[in-house]
>>> print(open('entry_16.cif').read())   # mmCIF, C-alpha atoms and all ligand atoms
data_my_file
loop_
_atom_site.label_atom_id
_atom_site.label_comp_id
_atom_site.auth_asym_id
_atom_site.auth_seq_id
_atom_site.Cartn_x
_atom_site.Cartn_y
_atom_site.Cartn_z
CA MET A 1 138.05 86.76 83.86
CA HIS A 2 134.47 85.94 82.92
CA ILE A 3 133.73 83.38 80.22
CA GLU A 4 132.24 86.04 77.87
CA THR A 5 135.54 87.98 77.92
CA LEU A 6 137.66 84.87 77.36
CA LEU A 7 135.57 83.80 74.36
CA ALA A 8 135.47 87.30 72.85
CA HIS A 9 139.30 87.36 72.87
CA LEU A 10 139.79 83.94 71.35
CA ALA A 11 142.96 84.64 69.35
CA GLU A 12 144.69 86.59 72.12
CA GLU A 13 143.69 84.20 74.90
CA GLY A 14 144.56 81.25 72.66
CA GLY A 15 148.12 82.56 72.59
CA VAL A 16 148.20 83.13 68.83
CA TYR A 17 151.62 84.37 67.73
CA ASP A 18 150.95 86.44 64.61
CA PRO A 19 153.30 89.12 63.21
CA TYR A 20 150.30 91.06 61.78
CA GLY A 21 148.22 91.04 64.97
CA ALA A 22 145.34 89.11 63.37
CA SER A 23 142.21 89.73 65.46
CA HIS A 24 140.66 86.35 64.63
CA LEU A 25 142.29 82.94 64.58
CA PRO A 26 144.55 82.59 61.48
CA ILE A 27 144.28 79.23 59.66
CA TYR A 28 147.58 77.41 59.36
CA GLN A 29 146.32 74.98 56.73
CA THR A 30 149.56 73.10 56.23
CA ALA A 31 150.71 69.54 56.87
CA THR A 32 154.29 70.42 57.76
CA PHE A 33 156.41 73.28 59.08
CA ASP A 34 160.02 74.12 58.17
CA LEU A 35 162.14 73.64 61.26
CA LYS A 36 164.76 76.07 59.88
CA LYS A 37 162.36 78.96 59.44
CA GLN A 38 160.61 79.36 62.79
CA SER A 39 160.91 82.26 65.19
CA GLY A 40 157.93 81.68 67.47
CA SER A 41 158.26 80.53 71.08
CA LYS A 42 157.06 77.04 70.14
CA ILE A 43 158.39 74.84 67.32
CA TYR A 44 155.90 73.01 65.09
CA ASP A 45 156.74 70.18 62.72
CA TYR A 46 153.66 68.18 61.70
CA THR A 47 149.98 69.10 61.92
CA ARG A 48 148.82 65.70 63.17
CA SER A 49 150.86 66.27 66.34
CA ASP A 50 150.58 70.03 66.70
CA ASN A 51 149.27 73.02 64.77
CA PRO A 52 149.07 76.71 65.85
CA THR A 53 145.39 77.08 64.84
CA ARG A 54 144.36 74.00 66.80
CA ASP A 55 146.65 74.94 69.71
CA ALA A 56 144.82 78.25 70.13
CA LEU A 57 141.39 76.61 70.33
CA GLU A 58 142.72 73.94 72.70
CA THR A 59 144.17 76.64 74.97
CA VAL A 60 140.84 78.49 75.08
CA PHE A 61 138.83 75.29 75.70
CA ALA A 62 141.21 74.32 78.53
CA LYS A 63 140.79 77.81 80.08
CA ALA A 64 137.01 77.74 79.59
CA GLU A 65 136.72 74.39 81.40
CA ASN A 66 139.40 75.26 84.02
CA GLY A 67 141.46 72.27 82.91
CA ALA A 68 145.19 71.67 82.51
CA SER A 69 145.01 70.91 78.80
CA CYS A 70 142.75 69.98 75.91
CA SER A 71 142.89 67.97 72.69
CA CYS A 72 140.55 68.89 69.83
CA THR A 73 139.30 65.96 67.79
CA HIS A 74 137.61 65.60 64.42
CA THR A 75 134.25 64.62 66.01
CA GLY A 76 132.62 64.51 69.43
CA ILE A 77 132.51 60.73 69.35
CA GLY A 78 136.22 60.83 68.43
CA ALA A 79 136.82 62.70 71.70
CA ILE A 80 134.93 60.01 73.62
CA ALA A 81 136.98 57.31 71.84
CA LEU A 82 140.12 59.25 72.78
CA LEU A 83 138.97 59.24 76.41
CA PHE A 84 138.43 55.47 76.27
CA GLU A 85 141.82 54.91 74.62
CA THR A 86 143.51 57.01 77.31
CA VAL A 87 141.82 55.51 80.36
CA LEU A 88 140.72 51.97 79.43
CA LYS A 89 142.74 48.81 78.84
CA ALA A 90 141.64 45.36 77.71
CA ASN A 91 139.32 43.88 80.41
CA SER A 92 138.75 47.29 82.06
CA LYS A 93 135.45 48.07 83.75
CA ILE A 94 133.45 51.16 82.94
CA LEU A 95 130.33 52.44 84.70
CA VAL A 96 128.05 54.51 82.45
CA GLU A 97 124.80 56.38 83.08
CA LYS A 98 122.27 54.38 81.11
CA ASP A 99 120.72 57.45 79.48
CA CYS A 100 123.65 58.22 77.22
CA TYR A 101 124.06 59.39 73.62
CA GLY A 102 123.33 56.61 71.08
CA GLY A 103 126.81 56.94 69.56
CA THR A 104 128.41 56.44 72.99
CA TYR A 105 126.27 53.34 73.51
CA ARG A 106 127.40 51.98 70.08
CA LEU A 107 131.07 52.78 70.81
CA LEU A 108 130.82 50.94 74.13
CA GLN A 109 129.63 47.84 72.24
CA VAL A 110 132.81 48.08 70.11
CA TYR A 111 135.05 48.21 73.20
CA LYS A 112 133.08 45.35 74.73
CA ASP A 113 133.43 43.13 71.65
CA LYS A 114 137.01 43.99 70.68
CA TYR A 115 138.72 44.59 74.01
CA ASN A 116 136.52 42.70 76.42
CA VAL A 117 135.78 45.92 78.33
CA GLU A 118 133.02 45.27 80.88
CA VAL A 119 130.32 47.89 80.53
CA PHE A 120 127.90 48.48 83.41
CA PHE A 121 124.90 50.74 82.80
CA ALA A 122 123.18 52.30 85.83
CA ASP A 123 120.84 55.08 86.87
CA PHE A 124 123.16 57.77 88.26
CA THR A 125 120.34 59.52 90.09
CA ASP A 126 120.25 56.49 92.39
CA LEU A 127 123.32 57.44 94.44
CA LEU A 128 122.97 54.48 96.80
CA GLU A 129 123.08 52.03 93.89
CA ILE A 130 126.13 53.82 92.46
CA GLN A 131 127.87 53.76 95.83
CA ASN A 132 127.20 50.02 96.14
CA LEU A 133 128.46 49.33 92.63
CA LEU A 134 131.61 51.38 93.15
CA GLU A 135 132.33 49.75 96.51
CA THR A 136 131.96 46.21 95.22
CA ASP A 137 134.02 46.51 92.02
CA ASN A 138 136.99 48.46 90.65
CA PHE A 139 136.06 50.68 87.73
CA ASP A 140 138.62 52.44 85.58
CA LEU A 141 136.13 55.02 84.39
CA VAL A 142 132.77 56.48 85.39
CA LEU A 143 131.01 58.39 82.61
CA CYS A 144 127.80 60.39 82.36
CA GLU A 145 126.13 63.31 80.66
CA SER A 146 124.25 65.96 82.63
CA PRO A 147 121.58 66.81 81.66
CA THR A 148 121.14 63.35 80.21
CA ASN A 149 119.76 63.35 76.74
CA PRO A 150 117.01 62.62 75.84
CA GLY A 151 115.91 61.64 79.38
CA MET A 152 116.78 65.14 80.73
CA LYS A 153 117.81 63.83 84.15
CA ILE A 154 120.26 65.90 86.17
CA ILE A 155 123.18 63.99 87.63
CA ASP A 156 124.61 65.31 90.88
CA LEU A 157 128.14 65.81 89.54
CA ARG A 158 129.66 66.78 92.91
CA GLU A 159 128.36 63.57 94.51
CA LEU A 160 129.38 61.39 91.58
CA ALA A 161 132.88 62.91 91.57
CA MET A 162 133.25 62.11 95.26
CA LEU A 163 132.02 58.54 94.87
CA ALA A 164 134.33 57.93 91.88
CA LYS A 165 137.30 59.44 93.71
CA ASN A 166 136.73 57.27 96.80
CA ASN A 167 136.76 54.24 94.49
CA GLY A 168 139.92 55.31 92.65
CA SER A 169 138.05 55.67 89.32
CA LYS A 170 138.47 58.46 86.81
CA PHE A 171 135.28 60.48 86.35
CA ALA A 172 134.37 61.98 82.98
CA VAL A 173 131.41 64.17 82.07
CA ASP A 174 130.06 64.62 78.57
CA ASN A 175 129.39 68.37 78.63
CA SER A 176 128.00 68.64 75.05
CA LEU A 177 124.52 69.75 76.10
CA ALA A 178 125.29 72.25 78.85
CA THR A 179 128.66 73.51 77.45
CA PHE A 180 131.37 75.27 79.44
CA ALA A 181 129.47 78.54 79.15
CA SER A 182 126.94 77.04 81.56
CA GLN A 183 128.54 74.17 83.49
CA LYS A 184 132.11 73.35 84.53
CA PRO A 185 132.40 69.64 85.36
CA LEU A 186 136.08 69.91 86.38
CA ASP A 187 135.20 72.52 89.04
CA LEU A 188 132.59 70.08 90.36
CA GLY A 189 135.21 67.34 90.74
CA ALA A 190 135.42 65.53 87.38
CA ASP A 191 138.77 64.47 85.91
CA PHE A 192 137.70 64.98 82.29
CA SER A 193 135.19 67.09 80.42
CA VAL A 194 134.49 65.73 76.96
CA PHE A 195 132.17 67.33 74.43
CA SER A 196 130.91 67.48 70.91
CA ALA A 197 131.67 70.97 69.56
CA THR A 198 129.36 70.18 66.63
CA LYS A 199 126.42 71.52 68.63
CA TYR A 200 126.13 74.74 70.68
CA ILE A 201 129.85 75.50 70.59
CA SER A 202 129.99 75.75 66.80
CA GLY A 203 126.36 76.84 66.72
CA HIS A 204 126.23 77.01 62.94
CA GLY A 205 125.98 73.32 62.11
CA SER A 206 128.80 73.73 59.58
CA THR A 207 131.08 70.92 60.70
CA VAL A 208 131.62 68.14 63.23
CA ALA A 209 134.14 68.47 66.04
CA GLY A 210 134.95 67.41 69.57
CA ALA A 211 137.29 68.05 72.47
CA LEU A 212 138.62 66.29 75.54
CA VAL A 213 139.74 68.51 78.42
CA SER A 214 141.82 67.01 81.24
CA LYS A 215 141.88 68.43 84.71
CA TRP A 216 145.34 67.00 85.44
CA GLU A 217 148.51 67.67 83.45
CA GLU A 218 149.52 63.99 83.64
CA ASP A 219 146.24 62.84 82.06
CA GLY A 220 146.48 65.61 79.45
CA GLU A 221 149.90 64.34 78.35
CA LYS A 222 148.48 60.84 77.85
CA VAL A 223 145.52 62.26 75.91
CA ALA A 224 147.87 64.24 73.61
CA TYR A 225 149.99 61.13 73.07
CA PHE A 226 146.97 59.07 71.96
CA ALA A 227 145.54 61.93 69.87
CA ASN A 228 148.78 61.93 67.88
CA ALA A 229 149.43 58.18 67.91
CA GLU A 230 145.93 57.39 66.67
CA GLY A 231 145.47 60.42 64.42
CA ARG A 232 142.43 61.85 66.20
CA SER A 233 143.34 65.55 66.00
CA GLN A 234 141.06 68.07 64.30
CA ASN A 235 142.27 69.66 61.06
CA PRO A 236 142.98 73.44 61.05
CA PHE A 237 140.16 74.45 58.71
CA ASP A 238 137.50 72.74 60.85
CA VAL A 239 139.06 74.30 63.95
CA PHE A 240 138.56 77.66 62.25
CA LEU A 241 134.91 76.87 61.44
CA ILE A 242 134.31 75.98 65.10
CA SER A 243 136.08 79.17 66.23
CA LEU A 244 133.53 81.33 64.39
CA GLY A 245 130.85 80.38 66.90
CA ILE A 246 132.94 80.80 70.04
CA PRO A 247 132.54 84.53 70.87
CA THR A 248 128.73 84.38 70.59
CA LEU A 249 128.23 81.15 72.57
CA PRO A 250 127.04 82.70 75.88
CA LEU A 251 124.70 85.10 74.05
CA ARG A 252 123.23 82.36 71.89
CA LEU A 253 122.76 80.06 74.87
CA LYS A 254 120.77 82.72 76.71
CA HIS A 255 118.49 83.15 73.71
CA HIS A 256 118.03 79.37 73.37
CA GLU A 257 117.20 79.21 77.08
CA GLN A 258 114.62 82.02 76.99
CA SER A 259 112.80 80.49 74.03
CA ALA A 260 112.98 76.95 75.44
CA ILE A 261 111.37 78.11 78.70
CA GLN A 262 108.47 79.59 76.73
CA VAL A 263 108.08 76.47 74.58
CA ALA A 264 108.14 74.34 77.75
CA GLU A 265 105.42 76.47 79.36
CA TYR A 266 103.28 76.11 76.25
CA LEU A 267 103.75 72.35 75.79
CA GLU A 268 103.35 71.51 79.48
CA LYS A 269 99.72 72.60 79.27
CA HIS A 270 98.94 71.07 75.88
CA PRO A 271 96.31 68.28 76.01
CA LYS A 272 98.18 66.18 73.40
CA VAL A 273 101.32 66.15 75.53
CA ASN A 274 101.56 63.43 78.18
CA LYS A 275 104.67 64.80 79.82
CA LEU A 276 107.25 67.42 79.11
CA VAL A 277 110.75 67.07 80.57
CA TYR A 278 112.89 70.19 80.70
CA PRO A 279 115.37 70.97 83.51
CA GLY A 280 114.71 74.70 83.04
CA SER A 281 111.07 74.19 84.03
CA LYS A 282 110.17 74.72 87.69
CA ASN A 283 108.17 71.49 87.40
CA HIS A 284 111.27 69.42 86.70
CA PRO A 285 111.87 67.39 89.90
CA GLN A 286 115.58 68.30 89.87
CA HIS A 287 115.23 71.95 88.87
CA GLU A 288 117.08 73.15 91.99
CA LEU A 289 119.99 70.74 91.47
CA ALA A 290 120.09 71.80 87.80
CA LYS A 291 120.33 75.44 88.88
CA SER A 292 123.18 74.62 91.25
CA GLN A 293 125.25 73.10 88.41
CA MET A 294 124.28 75.14 85.35
CA LYS A 295 124.20 78.89 84.83
CA ILE A 296 122.10 78.68 81.65
CA PHE A 297 119.63 75.97 80.67
CA PRO A 298 120.23 74.49 77.22
CA GLY A 299 117.44 74.67 74.61
CA VAL A 300 116.69 70.95 74.33
CA LEU A 301 113.34 69.57 75.51
CA THR A 302 111.93 66.06 75.60
CA VAL A 303 108.22 65.63 75.00
CA HIS A 304 106.32 62.42 75.63
CA MET A 305 103.33 62.65 73.30
CA GLN A 306 99.94 60.97 73.78
CA ASN A 307 100.80 58.27 71.24
CA VAL A 308 103.03 57.42 68.27
CA GLU A 309 100.64 59.00 65.73
CA THR A 310 100.60 62.39 67.52
CA ALA A 311 104.39 62.27 67.79
CA GLU A 312 104.87 61.49 64.11
CA LYS A 313 102.32 64.11 63.07
CA LEU A 314 104.08 66.75 65.15
CA VAL A 315 107.41 65.93 63.52
CA ALA A 316 105.93 65.94 60.03
CA ALA A 317 103.72 69.03 60.39
CA THR A 318 106.14 71.59 61.87
CA ARG A 319 107.58 74.11 59.43
CA TRP A 320 110.49 75.64 61.32
CA PHE A 321 111.67 72.44 63.02
CA GLY A 322 113.72 70.31 60.60
CA GLU A 323 113.70 66.57 61.18
CA LYS A 324 117.43 66.42 61.76
CA ALA A 325 119.89 64.78 64.11
CA SER A 326 121.97 66.94 66.46
CA PHE A 327 121.02 70.04 68.44
CA GLY A 328 122.30 73.46 69.43
CA THR A 329 122.10 75.18 66.05
CA ALA A 330 120.42 78.44 64.97
CA ASP A 331 117.67 76.44 63.24
CA SER A 332 115.21 74.52 65.40
CA ARG A 333 115.14 70.74 65.15
CA ILE A 334 112.75 67.94 65.95
CA GLU A 335 113.36 64.21 66.04
CA ILE A 336 112.09 60.95 67.41
CA PRO A 337 115.21 59.73 69.30
CA ALA A 338 114.22 56.06 68.86
CA LYS A 339 114.49 56.62 65.09
CA ILE A 340 117.55 58.89 64.84
CA SER A 341 119.92 59.84 67.67
CA HIS A 342 119.24 56.68 69.72
CA ALA A 343 118.55 54.19 66.91
CA SER A 344 121.61 52.17 67.99
CA PHE A 345 120.00 51.37 71.39
CA SER A 346 118.35 47.97 71.82
CA LYS A 347 114.57 48.26 72.28
CA GLU A 348 114.87 47.08 75.89
CA ASP A 349 117.64 49.54 76.80
CA LEU A 350 115.65 52.38 75.25
CA GLN A 351 112.56 51.45 77.26
CA ALA A 352 114.73 51.21 80.38
CA ILE A 353 115.59 54.89 80.01
CA GLY A 354 111.95 55.80 79.44
CA ILE A 355 112.24 56.62 75.74
CA PHE A 356 109.49 55.35 73.47
CA PRO A 357 108.50 55.75 69.80
CA SER A 358 106.10 58.44 71.03
CA THR A 359 108.95 60.47 72.57
CA VAL A 360 109.99 63.58 70.65
CA ARG A 361 113.11 65.71 71.18
CA LEU A 362 113.06 69.39 70.31
CA SER A 363 116.09 71.61 69.91
CA ILE A 364 114.96 75.21 70.11
CA GLY A 365 116.85 77.47 67.71
CA LEU A 366 117.29 81.20 67.42
CA GLU A 367 114.12 81.96 65.43
CA HIS A 368 111.59 84.44 66.84
CA ILE A 369 109.68 82.74 69.64
CA ASP A 370 106.28 83.80 68.22
CA ASP A 371 107.01 81.92 64.98
CA LEU A 372 108.01 78.80 66.90
CA LEU A 373 104.94 78.85 69.16
CA GLU A 374 102.63 79.44 66.19
CA ASP A 375 104.30 76.59 64.31
CA LEU A 376 103.84 74.17 67.22
CA GLU A 377 100.23 75.23 67.68
CA ASN A 378 99.43 74.60 64.01
CA ALA A 379 101.25 71.27 63.98
CA LEU A 380 99.36 70.08 67.08
CA LYS A 381 95.88 70.93 65.72
C1 LIG B 401 125.79 64.14 74.20
C2 LIG B 401 126.56 63.84 72.94
N1 LIG B 401 127.85 63.48 73.05
C3 LIG B 401 128.59 63.21 71.97
C4 LIG B 401 128.06 63.29 70.70
C5 LIG B 401 128.91 62.97 69.50
O1 LIG B 401 129.30 64.11 68.83
P1 LIG B 401 129.62 64.18 67.27
O2 LIG B 401 128.33 63.99 66.55
O3 LIG B 401 130.23 65.53 67.12
O4 LIG B 401 130.57 63.07 66.98
C6 LIG B 401 126.73 63.67 70.54
C7 LIG B 401 126.14 63.79 69.18
O5 LIG B 401 124.95 63.95 69.00
C8 LIG B 401 125.96 63.95 71.70
O6 LIG B 401 124.67 64.28 71.61
#
>>> encode(input="entry_16.cif", output="structure tokens")
Amino acid sequence: MHIETLLAHLAEEGGVYDPYGASHLPIYQTATFDLKKQSGSKIYDYTRSDNPTRDALETVFAKAENGASCSCTHTGIGAIALLFETVLKANSKILVEKDCYGGTYRLLQVYKDKYNVEVFFADFTDLLEIQNLLETDNFDLVLCESPTNPGMKIIDLRELAMLAKNNGSKFAVDNSLATFASQKPLDLGADFSVFSATKYISGHGSTVAGALVSKWEEDGEKVAYFANAEGRSQNPFDVFLISLGIPTLPLRLKHHEQSAIQVAEYLEKHPKVNKLVYPGSKNHPQHELAKSQMKIFPGVLTVHMQNVETAEKLVAATRWFGEKASFGTADSRIEIPAKISHASFSKEDLQAIGIFPSTVRLSIGLEHIDDLLEDLENALK
């Protein structure tokens, strides 16, 4: 079955048991279930541990990622915390691609301070360095995004999975940017795919959500245990809000991609732009690797402007690009990562990943491309 078909049949494929044959996911907005009054194949008792609405989305996410099971969480960062709780112990070692989401960076500081977890940041495109690190130390977890954001590097997930496996480490990929409609980390060798569903998956920017998909049943059982024990599970109404975007995800992604390619072509030639980084551009040094891992390029671009003033003017002067955190919505967005999404990074760590106050991140929405290009042209005058 192709991903488009799976997502179009969300309720059916999610295994929804509904006496009326509801064609979309029914919302079981209840805290408890009466054990004496159930006739379904599965017995529910308490929504923190299990809920039919959430179960359906988890089943579809697990199928979409080709995993054994999935736990849906109340935020994307909650899913990353759930991953850490499942895999890490006090004094564990974790190896993380240094170009990671600002919230992940902040969460790692928490684990470092509270649980003495040793956090090693590295450049995952330097496979020799990663091999050396993994051979000289025992890591419980290796974690990266691909594409990285905002650096827009492509990590060779097949290679990383092999290196992590040889070292006995679990390998997790944050798939928020590419999404399962484009990239399947578990098929490339990862043990976990974790993502924020707040972005492309919801697509409407109406709520925050996350998910952690395990490749192996045994890991999935541990994840479900911690999701319940620590109360990380998503509530049914927010699951429903997320479900509204699911059937259109592949279509939307293709539109985002087409527009982003045109914006990239325009900005690449603009005299006020120092450098544009977009994996969907043929000029991206890892374009071929990107193509081998992703079916569709996401609509997020990183633009290094001539200087801070040009960057700030661009952000302020655009009409259709809201200065907002997050990405992957119908409306286009613009931000200076050093000020918003990556404000929790130390200045040195931000410079180490090549992000400066003159770096701008664009999330290309679903508006007409002519309006977006005209807007950028006016703002850059
Ligand atoms: C790559 C990535 N992972 C995780 C998150 C966290 O997701 P949420 O905001 O849903 O908690 C974000 C949020 O921007 C992100 O960009």
>>> axis_aligned_box(input="entry_16.cif", around="range 100-107 of chain A", padding_each_side="5 Å", output="lines of an AutoDock Vina configuration file")
center_x = 127.2
center_y = 55.7
center_z = 73.4
size_x = 17.7
size_y = 17.4
size_z = 17.7
>>> residues_around(input="entry_16.cif", residues="Val300 in chain A", least_positions_apart="6", cutoff="10 Å", atoms="all atoms listed in the file", output="list in words")
Pro147, Asn149, Pro150, Met152, Leu177, Ala178, His256, Glu257, Ala260, Ile261, Ala264, Val277, Tyr278, Pro279, Gly280, Phe327, Gly328, Ser332, Arg333, Ile334, Arg361, Leu362, Ser363, Ile364 and Gly365 of chain A
>>> atom_distance(input="entry_16.cif", atom1="CA of Asn116 in chain A", atom2="CA of Val96 in chain A")
15.7 Å
>>> closest_residue(input="entry_16.cif", among="A:Cys100, A:Leu107, A:Ala209, A:Leu376", to="Val239 in chain A", atoms="only C-alpha atoms")
A:Ala209
>>> residues_near_ligand(input="entry_16.cif", ligand="ligand LIG 401 (chain B)", cutoff="10 Å", atoms="all atoms listed in the file", output="ChimeraX atom specification")
/A:73-81,99-104,144-150,173-178,194-199,207-211,325-328,340-342
>>> closest_residue(input="entry_16.cif", among="A:Asn283, A:Asn91, A:Ser243, A:Asn167", to="Ser202 in chain A", atoms="only C-alpha atoms")
A:Ser243
>>> atom_distance(input="entry_16.cif", atom1="CA of Leu83 in chain A", atom2="CA of Phe33 in chain A")
28.3 Å
>>> closest_residue(input="entry_16.cif", among="A:Leu251, A:Leu160, A:Cys72, A:Leu372", to="Leu267 in chain A", atoms="all atoms listed in the file")
A:Leu372
>>> closest_atom_pairs(input="entry_16.cif", of="range 135-251 of chain A", to="range 3-23 of chain A", cutoff="10 Å", atoms="only C-alpha atoms", output="JSON lines")
{"residue": "A:Phe180", "atom": "CA", "partner": "A:Ile3", "partner_atom": "CA", "distance": 8.5}
{"residue": "A:Ala181", "atom": "CA", "partner": "A:Ile3", "partner_atom": "CA", "distance": 6.5}
{"residue": "A:Ser182", "atom": "CA", "partner": "A:Ile3", "partner_atom": "CA", "distance": 9.4}
{"residue": "A:Ser243", "atom": "CA", "partner": "A:Leu10", "partner_atom": "CA", "distance": 7.9}
{"residue": "A:Leu244", "atom": "CA", "partner": "A:Leu10", "partner_atom": "CA", "distance": 9.7}
{"residue": "A:Gly245", "atom": "CA", "partner": "A:Leu7", "partner_atom": "CA", "distance": 9.5}
{"residue": "A:Ile246", "atom": "CA", "partner": "A:Leu7", "partner_atom": "CA", "distance": 5.9}
{"residue": "A:Pro247", "atom": "CA", "partner": "A:Ala8", "partner_atom": "CA", "distance": 4.5}
{"residue": "A:Thr248", "atom": "CA", "partner": "A:Ala8", "partner_atom": "CA", "distance": 7.7}
{"residue": "A:Leu249", "atom": "CA", "partner": "A:Leu7", "partner_atom": "CA", "distance": 8.0}
{"residue": "A:Pro250", "atom": "CA", "partner": "A:Glu4", "partner_atom": "CA", "distance": 6.5}
{"residue": "A:Leu251", "atom": "CA", "partner": "A:Glu4", "partner_atom": "CA", "distance": 8.5}
>>> atom_distance(input="entry_16.cif", atom1="CA of His2 in chain A", atom2="CA of Gln234 in chain A")
26.6 Å
>>> residues_around(input="entry_16.cif", residues="Phe226 in chain A", least_positions_apart="6", cutoff="10 Å", atoms="only C-alpha atoms", output="list in words")
Ser49, Ser71, Leu82, Leu83, Glu85, Thr86, Gly220, Arg232 and Ser233 of chain A
>>> residues_around(input="entry_16.cif", residues="Leu128 in chain A", least_positions_apart="6", cutoff="12 Å", atoms="all atoms listed in the file", output="list of chain:residue names")
A:Ala122, A:Leu134, A:Glu135, A:Glu159, A:Leu160, A:Leu163
>>> closest_residue(input="entry_16.cif", among="A:Asp45, A:Asp156, A:Pro185, A:Lys313", to="Asp123 in chain A", atoms="all atoms listed in the file")
A:Asp156
>>> residues_around(input="entry_16.cif", residues="Thr53 in chain A", least_positions_apart="3", cutoff="6 Å", atoms="all atoms listed in the file", output="ChimeraX atom specification")
/A:27-28,56,236
>>> closest_residue(input="entry_16.cif", among="A:Lys165, A:His270, A:His24, A:Lys37", to="Met305 in chain A", atoms="only C-alpha atoms")
A:His270
>>> residues_around(input="entry_16.cif", residues="Ala311 in chain A", least_positions_apart="3", cutoff="7 Å", atoms="all atoms listed in the file", output="JSON, numbers by chain")
{"A": [305, 307, 308, 314, 315, 358, 359, 360]}
>>> closest_residue(input="entry_16.cif", among="A:Thr32, A:Thr179, A:Ser259, A:Thr47", to="Gly231 in chain A", atoms="all atoms listed in the file")
A:Thr47
>>> build_atoms(input="entry_16.cif", residues="range 189-201 of chain A", atoms="N, CA and C atoms", output="short mmCIF file (atom, residue, chain, number, x, y, z; two decimals), in the coordinates of the input")
data_model
loop_
_atom_site.label_atom_id
_atom_site.label_comp_id
_atom_site.auth_asym_id
_atom_site.auth_seq_id
_atom_site.Cartn_x
_atom_site.Cartn_y
_atom_site.Cartn_z
N GLY A 189 134.46 68.51 90.27
CA GLY A 189 135.21 67.34 90.74
C GLY A 189 135.56 66.31 89.67
N ALA A 190 135.11 66.51 88.42
CA ALA A 190 135.42 65.53 87.38
C ALA A 190 136.89 65.61 86.96
N ASP A 191 137.40 64.50 86.41
CA ASP A 191 138.77 64.47 85.91
C ASP A 191 138.84 64.88 84.45
N PHE A 192 137.74 64.64 83.72
CA PHE A 192 137.70 64.98 82.29
C PHE A 192 136.36 65.63 81.95
N SER A 193 136.41 66.61 81.05
CA SER A 193 135.19 67.09 80.42
C SER A 193 135.36 66.82 78.93
N VAL A 194 134.40 66.09 78.37
CA VAL A 194 134.49 65.73 76.96
C VAL A 194 133.25 66.30 76.28
N PHE A 195 133.38 66.79 75.06
CA PHE A 195 132.17 67.33 74.43
C PHE A 195 132.24 67.30 72.91
N SER A 196 131.05 67.29 72.34
CA SER A 196 130.91 67.48 70.91
C SER A 196 130.83 68.98 70.71
N ALA A 197 131.72 69.53 69.87
CA ALA A 197 131.67 70.97 69.56
C ALA A 197 130.79 71.21 68.33
N THR A 198 130.25 70.12 67.80
CA THR A 198 129.36 70.18 66.63
C THR A 198 128.11 70.99 66.95
N LYS A 199 127.74 71.03 68.24
CA LYS A 199 126.42 71.52 68.63
C LYS A 199 126.48 73.00 69.03
N TYR A 200 126.19 73.32 70.29
CA TYR A 200 126.13 74.74 70.68
C TYR A 200 127.44 75.48 70.42
N ILE A 201 128.56 74.79 70.63
CA ILE A 201 129.85 75.50 70.59
C ILE A 201 130.10 76.06 69.19
#
